[in-house]
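Report on the structure given below.
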Amino acid sequence: MFRHYKASSLLRQTLVGRTSVSSSLNCASAPQIILVHSQNRSYSKLNQDDVNHFKGILNKPEVAVIEDLEGTGSSSELSGYNTDWLNKLKGNSKLALRPSSTEEVSQILKYCNSRQLAVVPQGGNTGLVGGSVPLDDEIVLSLNRMNNIIGFDKNYSILKTQAGVVLEKLIEYLEQFGYMPPVDLGARGSCHIGGNLATNAGGIKLLKYNSLHANTIGLTAVLPDGTILDNMRALRKDNTGYHLKHLFIGSEGTLGVITEAAILCPKIPAAHNVALFALDNFDKVEEVLRASKDYLSENLTAIEFFDSESNNILKDHTKHRNPLGYSHNYYMVVEVSNFDNTSTAEENTKIIEDKFFGLFEKISTVIEDGVIAQDSSQREAIWNCRERIVEGFFKEGMTFKYDFSLPIDKFPVFLDKIRDKLGDHARTGGYGHIGDGNIHVNASIKGYDNLKLFKELQKELEPWVFSLVEDYEGSISAEHGIGSFKAPYFELNKSNKMVSVMKQIKGVLDPNGIMNPHKLFD
């Protein structure tokens with residue numbers, strides 16, 4: 001018989017605040033793993049006349065233009081624009097431009113297209129596939145000054161915002177209206193909504209609120225020739241012609257630059273709570289998933305899993321502790337919400353408790369142990385068991401990071417094959433959004449002093465693992481995108497005809513190929 005309906009005493013003793021992964025890690029302090037530069041490209045070379053032109057068209061050029069044309073290293077600020085969040089890539093850009101409006105983005109791209117100067121659009125630079133940094137000396141077009149929220153339509157629940165607004169700022173802004181963005185990520189404290197759109201980011205709430213494709217009502221995008229496509233009308237229904245906005249969502253900056261967006265936002269639940277379960281095999285994980293979806297139905301807002309190695313690596317490298325200990329093979333986080341705003345706080349709490357107790361009755365013979373959070377701090381502590389795993393792997397050492405979509409029953413055998421492949425060279429863990437079939441696989445080599453081993457394993461592992469994903473009829477990118485890391489393997493996942501059509505679209509919109517070169521397509 002299942003013993004715990006309340007959080008254990010251990011949980012009360014180990015509460016920690018929920019922290020954005022991006023703010024709790026200092027990835028820039030890690031040794032650089034890969035240096036990429038000097039790609040052979042047929043683009044024009046940036047000169048002083050170009051820099052002077054940009055200074056003439058941008059508002060406040062003293063902050064909008066960051067340059068080091070001679071490559072003297074005089075602008076240390078450029079280093080951050082050249083280096084990815086994982087510190088695996090470092091480009092050689094001599095110029096970062098920080099426009100403050102769609103019109104300025106248009107002028108920049110129009111000039112770059114005429115001069116055939118390559119451009120890399122960049123948001124919060126929190127990506128994990130090398131998509132937002134230059135591979136050589138491309139101009140970085142940063143959206144971090146386009147950080148204004150335009151407004152919120154309370155009649156239609158539509159948020160309008162510039163692309164450079166940090167996701168956490170949108171969360172805080174919408175709270176006053178009782179709403180929230182349809183996307184939530186561990187990097188919420190640093191990532192930009194424009195970058196979320198450009199990569200079609202998923203996250204922990206996709207199960208309930210669907211993708212950004214589904215929730216984007218309109219957007220403004222600038223084409224490589226400077227043409228502005230303005231489709232920011234806040235209309236829930238607009239059945240006129242091609243929905244061009246969907247070309248830019250998930251295109252990773254290869255077709256143009258998203259500068260504004262109109263996004264449908266859900267109500268903040270009237271009440272919500274989370275539980276943590278421990279299980280001894282993956283068949284039981286699948287049983288809990290099915291029971292949660294069937295019984296909780298629309299009240300289920302998130303369901304996540306992580307395995308024992310992910311749990312152990314969190315213990316080894318952070319102060320956070322799992323209230324259910326470290327002896328189980330799998331763990332699941334289940335979030336339940338109630339959306340009835342007519343109920344009192346006490347009634348809402350009772351509704352959530354009844355939902356959890358009903359679920360417990362259905363899975364009591366399946367789970368090994370479980371706890372329910374008793375307050376907001378405990379909710380955050382339970383969520384941190386899942387969200388801070390990435391921090392643990394990063395602190396372990398050089399890490400292979402993958403996000404795949406797979407049939408759920410393939411998760412355990414897939415992880416076992418990767419562990420067998422890497423042997424004792426790495427600690428390999430799996431975690432992710434099991435409700436929508438998204439598994440994150442991290443494999444860390446101890447420390448940062450064996451770059452040779454890392455590269456040897458990478459060369460052997462990646463062609464094999466991406467082929468394995470294809471064998472299992474999965475996707476090599478569930479939510480992180482393709483970027484430059486996965487570009488050589490992109491065509492494993494799409495037919496030749498599909499890739500051909502994508503390249504034709506790229507050729508029509510960006511005939512000079514200036515937008516984010518060598519990303520998406522190898």
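Just so we're on the same page: first chain in the structure tokens is A, next is B, and so on; residues restart at 1 for each chain, and ligands are numbered from 1 in the order they show up.
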
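Backbone DSSP over segment 26-141 of chain A yields strand (DSSP E or B) at Val65, Ile66, Glu67, Thr83, Lys90, Leu95, Ala96, Leu97, Val119, Val120, Pro121, Gln122, Ile139, Val140 and Leu141 of chain A.
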
Any idea what's packed within 8 Å of segment 292-300 of chain A, counting only C-alpha atoms, ignoring anything in its chain fewer than 6 positions away? Could you give it as an mmCIF file with C-alpha atoms, in the first residue's frame?
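Writing the result to around.cif gives the following:
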```cif
data_model
loop_
_atom_site.group_PDB
_atom_site.id
_atom_site.type_symbol
_atom_site.label_atom_id
_atom_site.label_comp_id
_atom_site.auth_asym_id
_atom_site.auth_seq_id
_atom_site.Cartn_x
_atom_site.Cartn_y
_atom_site.Cartn_z
ATOM 1 C CA LYS A 208 -0.850 21.092 -22.330
ATOM 2 C CA VAL A 334 3.500 15.127 -12.541
ATOM 3 C CA GLU A 335 1.866 18.567 -12.454
ATOM 4 C CA VAL A 336 -1.891 18.919 -12.004
ATOM 5 C CA SER A 337 -3.797 22.181 -12.483
ATOM 6 C CA ASN A 338 -7.324 23.424 -11.986
ATOM 7 C CA PHE A 339 -8.672 26.182 -14.239
ATOM 8 C CA LYS A 355 -7.144 14.548 -8.377
ATOM 9 C CA LEU A 359 -4.376 9.042 -9.372
#
```

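The space between atom CA of Ile482 of chain A and atom CA of Ile228 of chain A spans 25.6 Å.
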
ask   = Any idea what's packed within 10 Å of Ser44 of chain A, counting only C-alpha atoms, ignoring anything in its chain fewer than 4 positions away? Could you give it as an NGL selection string?
value = :A and (112 or 115-118 or 138)

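Atom CA of Ile258 of chain A lies 11.0 Å from atom CA of Ser106 of chain A.
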
ask   = A:Ile445, A:Leu97, A:Val499, A:Leu406: which is nearest Leu468 of chain A, counting only C-alpha atoms?
value = A:Leu406
